[in-house]
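Enquirer: Got a structure here, written out as structure tokens. Questions coming.
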Amino acid sequence: MEEISKTSRDEKIKLIFGEALVHVREEIGKKLKNDLLGFQVSIHNGQPEINIAKLITDKEIDDNQLFFEQCAKDYRALAEVLISKLAIKLNIEINSAFPMMSFNPFKSNRKQIGTIEGWRYFLHGYHCGFEHKKSGQIVEVPLVFGLEFGDLDPYFFTRFIKSTKAYFPLPVAIYEDYADGRRINERMLAIGKFEHINSNIENHTGIAVKDRKRVPIEIYNPEPVTTQKPKFSLLRFFHLK
């Protein structure tokens with residue numbers, strides 16, 4: 001444990017179990033997950049090994065909180081611009097109550113994937129992914145938070161940061177996209193730079209930068225289909241013999 005704790009963030013440790021010790025791999029992995037705070041411990045499904053990586057620290061996040069806050073603002077601004085341009089290209093108006101409803105019809109035809117002003121786009125799940133063809137910048141626009149397009153999924157947020165050339169050289173390295181992204185979000189929430197936001201989908205929430213212009217987000221409840229009563233009663237006639 002002492003040796004592992006000395007690992008630098010640009011290194012990874014791989015514990016490989018011989019045949020005689022494979023049976024204790026799960027037990028050891030669970031103990032390492034419990035004891036190694038600030039590390040990602042992954043028990044491999046197919047191979048007899050455990051992979052360990054040191055994650056970004058609270059101090060590194062605190063020291064760069066203004067950077068991460070600005071990244072979140074940039075993410076939100078770019079997402080809003082791109083999804084608006086896509087709506088124009090598809091000749092639709094974004095449903096302010098539930099944007100995903102506006103884009104769902106295109107997920108099953110040839111317009112699910114395309115290009116717009118140098119960006120490739122791909123409509124999928126709760127998001128529309130954009131990638132710039134020249135710079136490689138990536139941003140995933142959420143479609144289930146009303147007109148709030150700044151939800152910071154941990155994996156998508158760190159990929160945006162790492163693909164944005166304007167941020168280079170990064171003030172702090174990010175090695176594990178999802179795990180580091182989750183720690184960034186949790187710490188930024190703790191120090192009051194980020195906050196939780198509701199979703200249009202019940203029991204689903206997100207995270208956005210706190211310093212922003214807020215937009216209303218309501219749970220989407222489509223109006224129930226009602227069967228109208230006929231205005232005139234229908235009479236059935238029978239001929240009796």
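The chains in the structure tokens are called A, B, ... from first to last as shown; in each chain the residues are counted from 1, and the ligands are counted from 1 in the order shown.
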Using DSSP on the backbone, list every residue of region 113-180 of chain A that comes out as strand (DSSP E), and give them as a ChimeraX atom specification.

Expert: /A:113-116,119-124,127-132,138-142

Enquirer: Where in region 115-227 of chain A does DSSP assign helix (DSSP H, G or I), given as a list in words?

Expert: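 Answer for region 115-227 of chain A restricted to helix (DSSP H, G or I) is Pro154, Tyr155, Phe156, Phe157, Thr158, Arg159, Phe160, Ile161, Lys162, Ser163, Lys165, Ala166, Tyr167, Asp177, Tyr178, Ala179, Asp180, Gly181, Arg182, Arg183, Ile184, Asn185, Glu186, Arg187, Met188, Leu189 and Ala190 of chain A.
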
Enquirer: List the spatial neighbours of region 162-169 of chain A as number ranges by chain - criterion: any atom at most 12 Å away, only C-alpha atoms, same-chain residues fewer than 6 positions off excluded.

Expert: A: 67-68, 70-71, 74-75, 78, 130-139, 155-156, 175-177, 180-181

Enquirer: Extract, using only C-alpha atoms, all DNA, RNA and protein residues at most 10 Å from region 201-214 of chain A, discarding same-chain residues fewer than 3 positions from it, and format them as a PyMOL selection string.

Expert: chain A and resi 68-73+75-76+98+142+144-154+185-186+188-189+192-198+217-221

Enquirer: Return the single residue from A:Ile61, A:Ala53, A:Ile83, A:Ile113 that is closest to Phe39 (chain A), with distances computed using only C-alpha atoms.

Expert: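 Using only C-alpha atoms, Phe39 (chain A) sits closest to A:Ala53.
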
Enquirer: To one decimal in Å, tell me the separation between CA of Ile4 (chain A) and CA of Ile16 (chain A).

Expert: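 These atoms are spaced 14.4 Å apart.
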
Enquirer: Which of these, A:Ile92, A:Met101, A:Ile28, A:Ala87, has the shortest distance to Tyr121 (chain A) once you count only C-alpha atoms?

Expert: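 Smallest separation from Tyr121 (chain A) among the options: A:Ala87.
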
Enquirer: Taking only C-alpha atoms into account, name the residue in A:Asp62, A:Ala79, A:Val24, A:Ser8 that is nearest to Arg183 (chain A).

Expert: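 Nearest to Arg183 (chain A): A:Asp62.
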
Enquirer: Report, in Å to a single decimal, how far apart CA of Arg159 (chain A) and CA of Asn109 (chain A) are.

Expert: 27.4 Å
